[in-house]
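> To be precise about what I am sending: the file is called start20.cif and holds mmCIF, C-alpha atoms.
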```cif
data_start
#
loop_
_atom_site.label_atom_id
_atom_site.label_comp_id
_atom_site.auth_asym_id
_atom_site.auth_seq_id
_atom_site.Cartn_x
_atom_site.Cartn_y
_atom_site.Cartn_z
CA MET F 56 116.64 -210.64 12.59
CA GLY F 57 116.12 -207.80 10.09
CA PRO F 58 118.41 -206.97 7.16
CA MET F 59 121.81 -205.58 8.05
CA ARG F 60 122.22 -201.86 7.49
CA PRO F 61 125.48 -200.36 6.26
CA ALA F 62 127.64 -198.72 8.88
CA PRO F 63 127.51 -194.90 8.92
CA VAL F 64 131.07 -194.56 7.60
CA LEU F 65 130.35 -196.96 4.72
CA LEU F 66 127.08 -195.20 3.96
CA PHE F 67 128.87 -191.86 3.85
CA ALA F 68 131.51 -193.30 1.50
CA LEU F 69 128.81 -194.73 -0.78
CA CYS F 70 127.08 -191.35 -0.90
CA LEU F 71 130.34 -189.66 -1.79
CA CYS F 72 130.95 -192.19 -4.56
CA ALA F 73 127.47 -191.67 -5.97
CA ALA F 74 127.91 -187.90 -5.86
CA ALA F 75 131.26 -188.18 -7.62
CA GLN F 76 129.57 -190.03 -10.48
CA GLN F 77 127.05 -187.24 -11.07
CA PRO F 78 128.13 -184.89 -13.87
CA LEU F 79 129.46 -181.65 -12.42
CA HIS F 80 130.60 -178.45 -14.10
CA GLU F 81 130.95 -174.98 -12.58
CA ALA F 82 132.78 -171.96 -13.96
CA GLU F 83 133.50 -168.36 -13.09
CA LEU F 84 135.80 -165.50 -14.04
CA ILE F 85 138.75 -165.11 -11.68
CA PHE F 86 138.27 -161.34 -12.02
CA PRO F 87 135.89 -159.20 -14.11
CA LEU F 88 136.46 -158.52 -17.80
CA GLU F 89 138.83 -155.59 -18.40
CA GLN F 90 140.73 -153.79 -21.17
CA TRP F 91 144.16 -154.99 -20.04
CA HIS F 92 145.69 -157.99 -21.78
CA ASN F 93 145.42 -161.03 -19.48
CA HIS F 94 146.81 -164.27 -20.85
CA ALA F 95 148.65 -167.58 -20.35
CA SER F 96 147.41 -168.75 -16.95
CA SER F 97 148.67 -171.58 -14.79
CA ILE F 98 146.82 -173.22 -11.89
CA VAL F 99 147.77 -175.47 -8.95
CA GLU F 100 146.10 -176.83 -5.83
CA LEU F 101 147.91 -176.09 -2.57
CA PRO F 102 148.10 -178.70 0.23
CA ASP F 103 145.20 -177.14 2.16
CA GLY F 104 142.91 -177.38 -0.87
CA GLU F 105 143.25 -173.73 -1.88
CA LEU F 106 143.47 -173.02 -5.61
CA PHE F 107 146.29 -170.74 -6.75
CA ALA F 108 146.32 -169.32 -10.29
CA CYS F 109 148.57 -166.87 -12.08
CA TRP F 110 148.79 -165.22 -15.52
CA TYR F 111 150.47 -162.28 -17.19
CA ASN F 112 148.84 -158.87 -17.36
CA GLY F 113 149.68 -155.61 -19.13
CA SER F 114 149.36 -153.53 -22.28
CA GLY F 115 150.40 -156.30 -24.66
CA GLU F 116 152.91 -159.04 -25.33
CA ARG F 117 155.66 -157.93 -27.67
CA THR F 118 156.18 -154.17 -27.34
CA ALA F 119 154.93 -153.21 -23.86
CA ASP F 120 157.25 -153.13 -20.84
CA ASP F 121 154.49 -152.94 -18.21
CA VAL F 122 153.68 -156.67 -18.39
CA LYS F 123 153.80 -158.46 -15.03
CA ILE F 124 152.71 -161.74 -13.46
CA GLU F 125 149.54 -161.52 -11.37
CA ALA F 126 147.88 -164.18 -9.23
CA ALA F 127 144.78 -164.93 -7.18
CA ARG F 128 143.69 -167.47 -4.59
CA ARG F 129 140.42 -169.33 -4.13
CA PRO F 130 140.22 -170.77 -0.58
CA ARG F 131 138.89 -174.29 -0.19
CA GLY F 132 135.11 -174.39 -0.06
CA ARG F 133 134.68 -170.92 -1.56
CA LYS F 134 133.07 -170.17 -4.93
CA GLN F 135 134.75 -166.84 -5.56
CA TRP F 136 138.38 -165.83 -5.93
CA ASN F 137 140.07 -163.44 -3.55
CA PRO F 138 141.40 -160.12 -4.92
CA ARG F 139 144.37 -160.57 -7.19
CA PHE F 140 147.93 -159.42 -6.46
CA THR F 141 151.27 -159.05 -8.22
CA LEU F 142 153.35 -162.22 -8.14
CA ALA F 143 156.40 -161.07 -10.15
CA ASP F 144 157.32 -157.78 -11.79
CA THR F 145 160.74 -157.05 -13.30
CA PRO F 146 160.81 -153.25 -13.60
CA ALA F 147 160.87 -152.02 -17.23
CA PHE F 148 160.82 -155.58 -18.64
CA PRO F 149 157.85 -157.78 -19.66
CA ASP F 150 157.24 -160.89 -17.51
CA CYS F 151 155.30 -163.55 -19.44
CA ASN F 152 154.14 -167.20 -19.70
CA PRO F 153 154.24 -168.27 -16.03
CA ALA F 154 154.13 -171.91 -14.96
CA LEU F 155 153.27 -173.05 -11.42
CA PHE F 156 154.38 -176.34 -9.88
CA LEU F 157 154.09 -178.01 -6.48
CA ASP F 158 156.96 -180.46 -6.05
CA ALA F 159 157.15 -183.63 -3.96
CA GLN F 160 158.46 -181.62 -0.99
CA LYS F 161 155.31 -179.42 -1.19
CA ARG F 162 157.39 -176.47 -2.36
CA LEU F 163 155.62 -174.03 -4.66
CA TRP F 164 157.51 -173.04 -7.80
CA LEU F 165 156.94 -170.09 -10.10
CA LEU F 166 158.81 -170.28 -13.42
CA TRP F 167 158.58 -167.57 -16.08
CA PRO F 168 160.55 -165.81 -18.82
CA VAL F 169 161.61 -162.17 -18.63
CA ILE F 170 161.70 -160.74 -22.18
CA LEU F 171 164.86 -158.66 -22.46
CA ALA F 172 164.34 -156.90 -25.81
CA ASN F 173 160.61 -157.19 -26.59
CA GLU F 174 161.08 -160.26 -28.79
CA TRP F 175 160.38 -163.79 -27.60
CA HIS F 176 163.80 -165.11 -28.60
CA THR F 177 165.36 -162.73 -26.02
CA ALA F 178 163.68 -164.51 -23.12
CA LEU F 179 165.62 -165.24 -19.93
CA MET F 180 164.10 -167.95 -17.75
CA LYS F 181 163.72 -167.26 -14.03
CA TYR F 182 162.26 -169.24 -11.13
CA ARG F 183 161.31 -168.81 -7.48
CA ILE F 184 160.63 -171.45 -4.82
CA SER F 185 158.60 -171.11 -1.62
CA SER F 186 157.77 -173.34 1.33
CA ASP F 187 155.83 -170.50 2.98
CA TYR F 188 152.95 -169.71 0.64
CA ARG F 189 149.93 -169.63 2.93
CA GLY F 190 148.18 -166.33 3.43
CA SER F 191 146.34 -163.81 1.32
CA GLY F 192 149.08 -162.40 -0.92
CA PRO F 193 152.24 -163.56 -2.66
CA PRO F 194 154.35 -166.34 -1.14
CA ARG F 195 157.52 -165.63 0.78
CA TRP F 196 160.21 -166.87 -1.57
CA GLN F 197 163.15 -168.82 -0.13
CA ALA F 198 164.99 -169.18 -3.45
CA SER F 199 165.17 -167.13 -6.63
CA ASP F 200 167.47 -167.62 -9.60
CA ALA F 201 167.83 -167.67 -13.36
CA LEU F 202 167.35 -171.06 -15.02
CA LEU F 203 170.64 -171.37 -16.92
CA PHE F 204 171.87 -174.38 -18.89
CA ILE F 205 173.91 -175.52 -21.86
CA PRO F 206 171.60 -177.49 -24.17
CA ARG F 207 172.61 -181.12 -24.63
CA ASP F 208 173.89 -182.20 -28.08
CA PHE F 209 172.13 -179.17 -29.50
CA GLN F 210 173.87 -178.44 -32.77
CA ALA F 211 174.38 -182.11 -33.61
CA LYS F 212 170.68 -182.98 -33.12
CA VAL F 213 169.48 -179.94 -35.09
CA LYS F 214 171.80 -180.83 -37.98
CA ARG F 215 170.74 -184.48 -37.89
CA VAL F 216 167.07 -183.55 -38.26
CA LEU F 217 167.18 -180.48 -40.50
CA GLU F 218 170.00 -181.10 -42.97
CA PRO F 219 168.16 -184.00 -44.72
CA LEU F 220 165.09 -181.77 -45.06
CA VAL F 221 167.14 -179.02 -46.72
CA ALA F 222 168.85 -181.53 -49.02
CA ALA F 223 165.51 -183.01 -50.07
CA ASP F 224 164.06 -179.65 -51.12
CA PRO F 225 166.81 -176.98 -51.28
CA ALA F 226 164.60 -174.48 -53.11
CA GLY F 227 161.39 -175.26 -51.23
CA PRO F 228 159.30 -172.74 -49.30
CA ARG F 229 160.83 -173.68 -45.94
CA ALA F 230 164.45 -174.05 -47.08
CA ALA F 231 165.46 -170.53 -46.06
CA TYR F 232 163.92 -170.98 -42.61
CA LEU F 233 165.63 -174.36 -42.11
CA LYS F 234 169.01 -172.94 -43.13
CA GLN F 235 168.55 -170.11 -40.66
CA MET F 236 167.83 -172.61 -37.88
CA LEU F 237 170.99 -174.52 -38.76
CA GLN F 238 173.01 -171.29 -38.48
CA ARG F 239 171.41 -170.37 -35.17
CA ALA F 240 172.11 -173.84 -33.75
CA ALA F 241 175.84 -173.08 -34.00
CA ASP F 242 175.47 -169.83 -32.03
CA LYS F 243 176.14 -170.34 -28.31
CA TYR F 244 174.19 -167.27 -27.24
CA PHE F 245 171.16 -168.07 -29.38
CA SER F 246 171.03 -171.69 -28.25
CA ARG F 247 171.18 -170.78 -24.54
CA MET F 248 168.71 -167.88 -24.56
CA GLY F 249 165.09 -167.53 -25.59
CA TRP F 250 163.65 -170.64 -23.90
CA MET F 251 160.25 -170.21 -22.26
CA THR F 252 157.76 -172.09 -20.13
CA ARG F 253 154.13 -172.75 -20.95
CA ALA F 254 152.79 -175.99 -19.37
CA HIS F 255 153.30 -177.42 -15.87
CA PRO F 256 156.62 -179.07 -15.01
CA LEU F 257 156.53 -182.80 -14.24
CA GLN F 258 158.32 -184.58 -11.40
CA LEU F 259 159.21 -188.25 -11.85
CA PRO F 260 159.13 -190.90 -9.08
CA SER F 261 162.93 -190.63 -8.92
CA GLY F 262 162.60 -186.98 -7.92
CA ARG F 263 163.82 -185.70 -11.30
CA ILE F 264 162.13 -182.44 -12.28
CA LEU F 265 161.35 -181.86 -15.95
CA VAL F 266 160.51 -178.33 -17.11
CA PRO F 267 159.10 -178.24 -20.66
CA LEU F 268 160.46 -175.27 -22.62
CA TYR F 269 160.19 -173.92 -26.14
CA SER F 270 161.77 -171.23 -28.29
CA ASP F 271 160.07 -168.94 -30.80
CA GLY F 272 163.55 -168.25 -32.18
CA TYR F 273 163.90 -171.90 -33.23
CA ASP F 274 160.24 -172.99 -33.31
CA PHE F 275 161.00 -176.17 -31.41
CA SER F 276 161.40 -177.38 -27.82
CA LEU F 277 163.70 -178.50 -25.04
CA ILE F 278 163.29 -180.05 -21.57
CA ALA F 279 165.21 -178.58 -18.62
CA ILE F 280 166.22 -181.31 -16.14
CA SER F 281 167.18 -181.11 -12.46
CA ASP F 282 168.06 -184.09 -10.25
CA ASP F 283 168.84 -182.01 -7.15
CA GLY F 284 165.67 -180.01 -6.55
CA GLY F 285 166.63 -177.12 -8.80
CA ALA F 286 170.19 -176.52 -7.54
CA THR F 287 171.68 -177.41 -10.94
CA TRP F 288 170.23 -177.93 -14.42
CA THR F 289 170.96 -179.95 -17.52
CA THR F 290 168.67 -180.46 -20.50
CA SER F 291 167.33 -183.00 -22.90
CA GLU F 292 168.46 -183.00 -26.49
CA PRO F 293 166.30 -180.59 -28.53
CA LEU F 294 162.89 -181.84 -29.67
CA VAL F 295 163.12 -180.70 -33.28
CA GLY F 296 160.01 -180.71 -35.45
CA ALA F 297 158.02 -178.58 -37.86
CA GLY F 298 156.96 -175.95 -35.35
CA SER F 299 156.85 -178.26 -32.31
CA VAL F 300 156.48 -175.76 -29.45
CA GLN F 301 154.96 -175.44 -25.98
CA PRO F 302 155.41 -179.10 -24.95
CA THR F 303 153.24 -180.69 -22.27
CA LEU F 304 154.42 -183.91 -20.59
CA VAL F 305 152.63 -187.02 -19.36
CA ARG F 306 154.03 -190.33 -18.05
CA ARG F 307 152.85 -193.78 -19.13
CA ARG F 308 152.43 -196.70 -16.75
CA ASP F 309 155.59 -198.32 -18.15
CA GLY F 310 157.62 -195.19 -17.32
CA ALA F 311 157.90 -193.81 -20.86
CA LEU F 312 157.24 -190.09 -21.27
CA VAL F 313 155.07 -188.53 -23.95
CA ALA F 314 155.33 -184.90 -25.07
CA TYR F 315 152.50 -183.25 -26.96
CA PHE F 316 153.11 -179.95 -28.76
CA ARG F 317 151.33 -176.94 -30.19
CA ASP F 318 151.68 -176.92 -33.99
CA ASN F 319 153.49 -173.80 -35.24
CA GLY F 320 154.32 -175.45 -38.55
CA PRO F 321 152.69 -175.63 -41.98
CA ALA F 322 149.27 -177.17 -42.71
CA PRO F 323 147.71 -179.49 -41.90
CA LYS F 324 147.64 -178.17 -38.36
CA ARG F 325 147.83 -181.05 -35.87
CA VAL F 326 148.93 -181.65 -32.29
CA LEU F 327 152.47 -183.05 -32.52
CA VAL F 328 153.92 -185.84 -30.38
CA SER F 329 157.23 -187.39 -29.29
CA SER F 330 158.27 -189.90 -26.62
CA SER F 331 161.21 -190.66 -24.34
CA ARG F 332 162.29 -193.90 -22.67
CA ASP F 333 165.22 -192.50 -20.68
CA ASP F 334 163.40 -190.11 -18.32
CA GLY F 335 163.39 -187.20 -20.72
CA VAL F 336 166.97 -187.06 -22.04
CA THR F 337 166.49 -188.31 -25.60
CA TRP F 338 163.30 -188.19 -27.64
CA SER F 339 161.82 -189.89 -30.69
CA ALA F 340 161.14 -188.02 -33.91
CA VAL F 341 158.37 -185.43 -33.60
CA THR F 342 155.35 -186.55 -35.62
CA ASP F 343 151.78 -185.47 -36.30
CA THR F 344 148.78 -186.91 -34.48
CA ASP F 345 145.28 -186.72 -35.95
CA ILE F 346 144.25 -184.17 -33.27
CA PRO F 347 143.57 -180.72 -34.80
CA ASN F 348 145.44 -177.70 -33.47
CA PRO F 349 145.19 -174.10 -34.72
CA GLY F 350 148.61 -173.09 -33.42
CA SER F 351 147.46 -172.76 -29.82
CA GLY F 352 148.66 -174.05 -26.47
CA LEU F 353 147.31 -177.25 -24.90
CA GLU F 354 147.93 -179.34 -21.82
CA VAL F 355 147.74 -183.06 -21.04
CA ILE F 356 147.79 -184.67 -17.59
CA GLY F 357 147.56 -188.22 -16.29
CA LEU F 358 144.80 -188.78 -13.73
CA ARG F 359 145.19 -191.03 -10.72
CA ASP F 360 143.06 -193.76 -12.27
CA GLY F 361 145.27 -193.90 -15.39
CA THR F 362 142.98 -191.82 -17.60
CA TRP F 363 144.62 -189.01 -19.56
CA ALA F 364 142.93 -185.61 -19.92
CA MET F 365 143.76 -183.13 -22.68
CA VAL F 366 142.41 -179.59 -22.90
CA TYR F 367 142.90 -177.85 -26.25
CA ASN F 368 141.36 -175.92 -29.15
CA ASP F 369 139.89 -178.64 -31.37
CA THR F 370 140.10 -176.71 -34.66
CA GLU F 371 142.70 -176.08 -37.35
CA ARG F 372 141.78 -172.38 -37.45
CA GLY F 373 140.54 -170.16 -34.65
CA ARG F 374 140.44 -170.42 -30.88
CA HIS F 375 136.66 -170.16 -30.51
CA SER F 376 136.27 -173.81 -29.46
CA LEU F 377 137.92 -175.17 -26.32
CA VAL F 378 137.40 -178.80 -25.32
CA VAL F 379 138.54 -181.33 -22.76
CA ALA F 380 139.08 -184.88 -24.02
CA LEU F 381 139.71 -188.15 -22.16
CA SER F 382 141.73 -191.22 -23.12
CA ASP F 383 141.61 -194.58 -21.33
CA ASP F 384 144.42 -196.06 -23.46
CA GLU F 385 147.25 -193.58 -22.82
CA GLY F 386 146.64 -191.43 -25.85
CA ALA F 387 146.02 -194.14 -28.45
CA SER F 388 142.48 -192.77 -28.75
CA TRP F 389 140.43 -189.99 -27.18
CA LYS F 390 136.98 -191.49 -26.73
CA TRP F 391 135.24 -188.69 -24.85
CA LYS F 392 135.18 -184.97 -25.56
CA ARG F 393 133.19 -182.04 -24.26
CA HIS F 394 133.32 -178.30 -24.82
CA LEU F 395 134.37 -175.92 -22.10
CA GLU F 396 133.68 -173.05 -24.51
CA LEU F 397 132.19 -172.76 -28.00
CA ASP F 398 131.38 -169.56 -29.91
CA THR F 399 129.96 -170.22 -33.38
CA ARG F 400 129.39 -166.64 -34.56
CA GLU F 401 131.00 -165.98 -37.94
CA LYS F 402 132.47 -162.60 -37.01
CA GLY F 403 133.95 -161.64 -33.68
CA ALA F 404 133.99 -165.13 -32.21
CA GLY F 405 135.58 -165.33 -28.79
CA SER F 406 139.03 -166.71 -28.05
CA PHE F 407 139.27 -169.31 -25.28
CA HIS F 408 142.79 -170.60 -25.17
CA TYR F 409 146.10 -171.32 -23.42
CA PRO F 410 144.54 -173.73 -20.90
CA SER F 411 146.10 -175.08 -17.73
CA ILE F 412 144.62 -178.19 -16.09
CA ILE F 413 145.10 -180.14 -12.83
CA GLU F 414 143.40 -182.96 -10.95
CA ALA F 415 142.60 -181.97 -7.36
CA ARG F 416 142.95 -184.42 -4.49
CA GLY F 417 139.17 -184.97 -4.41
CA GLY F 418 139.16 -186.02 -8.07
CA LEU F 419 137.73 -182.85 -9.55
CA LEU F 420 139.49 -181.38 -12.58
CA HIS F 421 140.29 -177.68 -12.58
CA ALA F 422 141.15 -175.69 -15.70
CA SER F 423 142.06 -172.05 -16.12
CA TYR F 424 142.26 -170.34 -19.50
CA SER F 425 142.35 -167.01 -21.32
CA TYR F 426 138.82 -165.73 -21.94
CA PHE F 427 138.50 -163.05 -24.65
CA LEU F 428 135.14 -161.73 -25.91
CA ASN F 429 136.15 -160.42 -29.31
CA HIS F 430 132.68 -159.33 -30.44
CA LEU F 431 132.64 -156.46 -27.96
CA PRO F 432 133.64 -153.02 -29.32
CA ALA F 433 137.25 -151.89 -29.24
CA GLY F 434 138.09 -150.36 -25.89
CA ALA F 435 135.38 -152.27 -24.04
CA PRO F 436 136.35 -154.55 -21.14
CA ARG F 437 136.61 -157.94 -22.81
CA LYS F 438 139.55 -159.94 -21.41
CA ALA F 439 139.87 -162.05 -18.28
CA ILE F 440 141.04 -165.43 -17.01
CA LYS F 441 138.32 -168.03 -16.45
CA HIS F 442 138.30 -171.03 -14.11
CA ALA F 443 136.21 -174.16 -14.59
CA GLN F 444 135.86 -177.18 -12.31
CA PHE F 445 134.31 -180.39 -13.59
CA ASN F 446 134.51 -184.14 -13.23
CA VAL F 447 135.14 -187.07 -15.53
CA ALA F 448 131.43 -187.94 -15.54
CA TRP F 449 130.64 -184.51 -16.98
CA VAL F 450 133.15 -184.96 -19.80
CA LYS F 451 131.90 -188.46 -20.60
CA GLN F 452 128.34 -187.16 -20.78
CA GLY F 453 129.35 -185.23 -23.91
CA ASP F 454 127.91 -181.97 -25.21
CA GLN F 455 124.26 -181.51 -24.29
#
```
Represent the supplied structure as structure tokens.


Amino acid sequence: MGPMRPAPVLLFALCLCAAAQQPLHEAELIFPLEQWHNHASSIVELPDGELFACWYNGSGERTADDVKIEAARRPRGRKQWNPRFTLADTPAFPDCNPALFLDAQKRLWLLWPVILANEWHTALMKYRISSDYRGSGPPRWQASDALLFIPRDFQAKVKRVLEPLVAADPAGPRAAYLKQMLQRAADKYFSRMGWMTRAHPLQLPSGRILVPLYSDGYDFSLIAISDDGGATWTTSEPLVGAGSVQPTLVRRRDGALVAYFRDNGPAPKRVLVSSSRDDGVTWSAVTDTDIPNPGSGLEVIGLRDGTWAMVYNDTERGRHSLVVALSDDEGASWKWKRHLELDTREKGAGSFHYPSIIEARGGLLHASYSYFLNHLPAGAPRKAIKHAQFNVAWVKQGDQ
């Protein structure tokens, strides 16, 4: 009797496994370069395998009132994105920093801040929820509301962290700023307004939804919490640090949560970190990691095999270098790193920043990010949102 041959199903599975281990990277612009400002994208995979991405688009960020949220779809199996469409537009007000989220009930969420007076600290958070999002244009929204909350133990936590810093150096360069934050912490209006999304929300096994938020008015962060699917909201205590903004959340195997932050504080510029052991209510002191950060957004996710993936600008100055890094020890070290973008020109280097990353059901990683070609002349089309898909094997291969 001859040697046994593998069954067709097993052979197909082995081929798929071998293919998955081959390094893969593909990238394309979601739409062509243009003069409009396009920034701060977010990406999700819908249940049918379609990719759905959104970003904000308009004349600018701080003074323009024509800013709106736009979106595009890439159907499963297609290489190109369908024509984009408007996802949210508050007339005469800028809509910024959207975050997409697919919850455990397969409902699609859009969360974003409306900027009421052209300054970030006047942001009002809004959200929409849809269970009917298939098709070629925007979803049909079943729920729409403002995300309102009273921050938990806000003034007490701010005083506990900042007052010792003021006492230690009352005439130091940051003393005036710290005193201003202490005054603002006592203001009900200021503490309840100005919070904004950046990274994806995270849903825990219990069903609890955590929405990471930050404030440019305070230069630190907060986590909005819902235990009833968004019907009501509480918050964590504030995550107070030296410019700890735009948190991104990941969950350890033991259930502890880790928040990584963009560094808006003084040099040295590093990714900041904090952790929670009570499902996001209270958090440890915000501290520096050894990961460089130029004051730019990042995102971290946990993959199904336990690996963590971080996409970020790996410099202390400039956004010309965008990398994805992998950790097999839950952030204790990041052993593999590979560039998604790198522009080494001394003048006019590109900006590749504000990334959003997901793991698709097939194991591929998908990232979207702002793609600015700054060396092109003023007025030339030079801004877009880019999408890249790649696998773990490609990252582990390192830069070639």

> Could you list, as a PDB file with C-alpha atoms, in the coordinates of the input, every residue matched by the PyMOL selection byres ((chain F and resi 124-133) around 6) in this structure?


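Saved result, out_28.pdb, follows:
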```
ATOM      1  CA  GLY F 104     142.910-177.380  -0.870  1.00  0.00           C
ATOM      2  CA  GLU F 105     143.250-173.730  -1.880  1.00  0.00           C
ATOM      3  CA  LEU F 106     143.470-173.020  -5.610  1.00  0.00           C
ATOM      4  CA  PHE F 107     146.290-170.740  -6.750  1.00  0.00           C
ATOM      5  CA  ALA F 108     146.320-169.320 -10.290  1.00  0.00           C
ATOM      6  CA  CYS F 109     148.570-166.870 -12.080  1.00  0.00           C
ATOM      7  CA  TRP F 110     148.790-165.220 -15.520  1.00  0.00           C
ATOM      8  CA  TYR F 111     150.470-162.280 -17.190  1.00  0.00           C
ATOM      9  CA  LYS F 123     153.800-158.460 -15.030  1.00  0.00           C
ATOM     10  CA  LYS F 134     133.070-170.170  -4.930  1.00  0.00           C
ATOM     11  CA  GLN F 135     134.750-166.840  -5.560  1.00  0.00           C
ATOM     12  CA  TRP F 136     138.380-165.830  -5.930  1.00  0.00           C
ATOM     13  CA  ASN F 137     140.070-163.440  -3.550  1.00  0.00           C
ATOM     14  CA  ARG F 139     144.370-160.570  -7.190  1.00  0.00           C
ATOM     15  CA  PHE F 140     147.930-159.420  -6.460  1.00  0.00           C
ATOM     16  CA  THR F 141     151.270-159.050  -8.220  1.00  0.00           C
ATOM     17  CA  LEU F 142     153.350-162.220  -8.140  1.00  0.00           C
ATOM     18  CA  ALA F 143     156.400-161.070 -10.150  1.00  0.00           C
TER      19      ALA F 143
END
```

> From the list F:Arg332, F:Arg372, F:Lys212, F:Arg359, which residue is nearest Leu294 (chain F) when using all atoms listed in the file?

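Between F:Arg332, F:Arg372, F:Lys212, F:Arg359, the residue approaching Leu294 (chain F) most closely is F:Lys212.
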
> Applied to this file, what does the PyMOL selection byres ((chain F and resi 257) around 12) return in terms of residues, put as number ranges by chain?

F: 154-159, 164, 254-256, 258-268, 278-281, 302-306, 312-314, 334-335, 354-357, 413

> Starting from the PyMOL selection byres ((chain F and resi 367) around 7), expand the selection into actual residues of this file and give them as a list in words.

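For this structure, the PyMOL selection byres ((chain F and resi 367) around 7) resolves to Gly352, Leu353, Glu354, Met365, Val366, Asn368, Asp369, Leu377, Val378, Val379 and Pro410 of chain F.
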
> Would you save the residues of that selection, restricted to C-alpha atoms, as a short mmCIF file (atom, residue, chain, number, x, y, z; two decimals), in the coordinates of the input?


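Final output, saved to again.cif:
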```cif
data_model
loop_
_atom_site.label_atom_id
_atom_site.label_comp_id
_atom_site.auth_asym_id
_atom_site.auth_seq_id
_atom_site.Cartn_x
_atom_site.Cartn_y
_atom_site.Cartn_z
CA GLY F 352 148.66 -174.05 -26.47
CA LEU F 353 147.31 -177.25 -24.90
CA GLU F 354 147.93 -179.34 -21.82
CA MET F 365 143.76 -183.13 -22.68
CA VAL F 366 142.41 -179.59 -22.90
CA ASN F 368 141.36 -175.92 -29.15
CA ASP F 369 139.89 -178.64 -31.37
CA LEU F 377 137.92 -175.17 -26.32
CA VAL F 378 137.40 -178.80 -25.32
CA VAL F 379 138.54 -181.33 -22.76
CA PRO F 410 144.54 -173.73 -20.90
#
```

> For Leu395 (chain F), which residue out of F:Ala380, F:Leu88, F:Val336, F:Ala147 is the nearest one, using all atoms listed in the file?

F:Ala380

> Find the residue from F:Ser299, F:Ser329, F:Ser376, F:Ser411 that sits nearest to Phe427 (chain F); use all atoms listed in the file when measuring.

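Between F:Ser299, F:Ser329, F:Ser376, F:Ser411, the residue approaching Phe427 (chain F) most closely is F:Ser376.
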
> Box for region 387-401 of chain F: with edges along x, y and z, all listed atoms inside and 5 Å added on each side, what are the centre and edge lengths in Å to one decimal, as AutoDock Vina command-line options?


```
--center_x 137.7 --center_y -180.1 --center_z -30.0 --size_x 26.6 --size_y 38.2 --size_z 25.8
```

> Pick out the residues sitting within 9 Å of Leu420 (chain F), and hand them over as a PyMOL selection string; count all atoms listed in the file, and ignore anything fewer than 5 positions along from it in its own chain.

chain F and resi 412-415+443-447

> Within 10 Å of (133.2, -168.5, -36.1), in the coordinates the file gives, what residues turn up when you count all atoms listed in the file, written out as a list in words?

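With a cut-off of 10 Å, the residues come to Arg372, Gly373, Arg374, His375, Ser376, Leu397, Asp398, Thr399, Arg400, Glu401, Lys402, Gly403, Ala404 and Gly405 of chain F.
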
> How would the residues just picked look written out with C-alpha atoms as a compact mmCIF listing (two decimals), in the frame of the given file?


```txt
# COMPACT_ATOMS: atom_id res chain seq x y z
CA ARG F 372 141.78 -172.38 -37.45
CA GLY F 373 140.54 -170.16 -34.65
CA ARG F 374 140.44 -170.42 -30.88
CA HIS F 375 136.66 -170.16 -30.51
CA SER F 376 136.27 -173.81 -29.46
CA LEU F 397 132.19 -172.76 -28.00
CA ASP F 398 131.38 -169.56 -29.91
CA THR F 399 129.96 -170.22 -33.38
CA ARG F 400 129.39 -166.64 -34.56
CA GLU F 401 131.00 -165.98 -37.94
CA LYS F 402 132.47 -162.60 -37.01
CA GLY F 403 133.95 -161.64 -33.68
CA ALA F 404 133.99 -165.13 -32.21
CA GLY F 405 135.58 -165.33 -28.79
```

> Of the residues F:Ser351, F:Ala439, F:Trp389, F:Asp120, which is the one nearest to His92 (chain F), using all atoms listed in the file?

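Among the listed residues, F:Ala439 lies closest to His92 (chain F).
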
> Closest to Gln160 (chain F) among F:Ala230, F:Leu179, F:Ile184, F:Leu327, using only C-alpha atoms?

F:Ile184
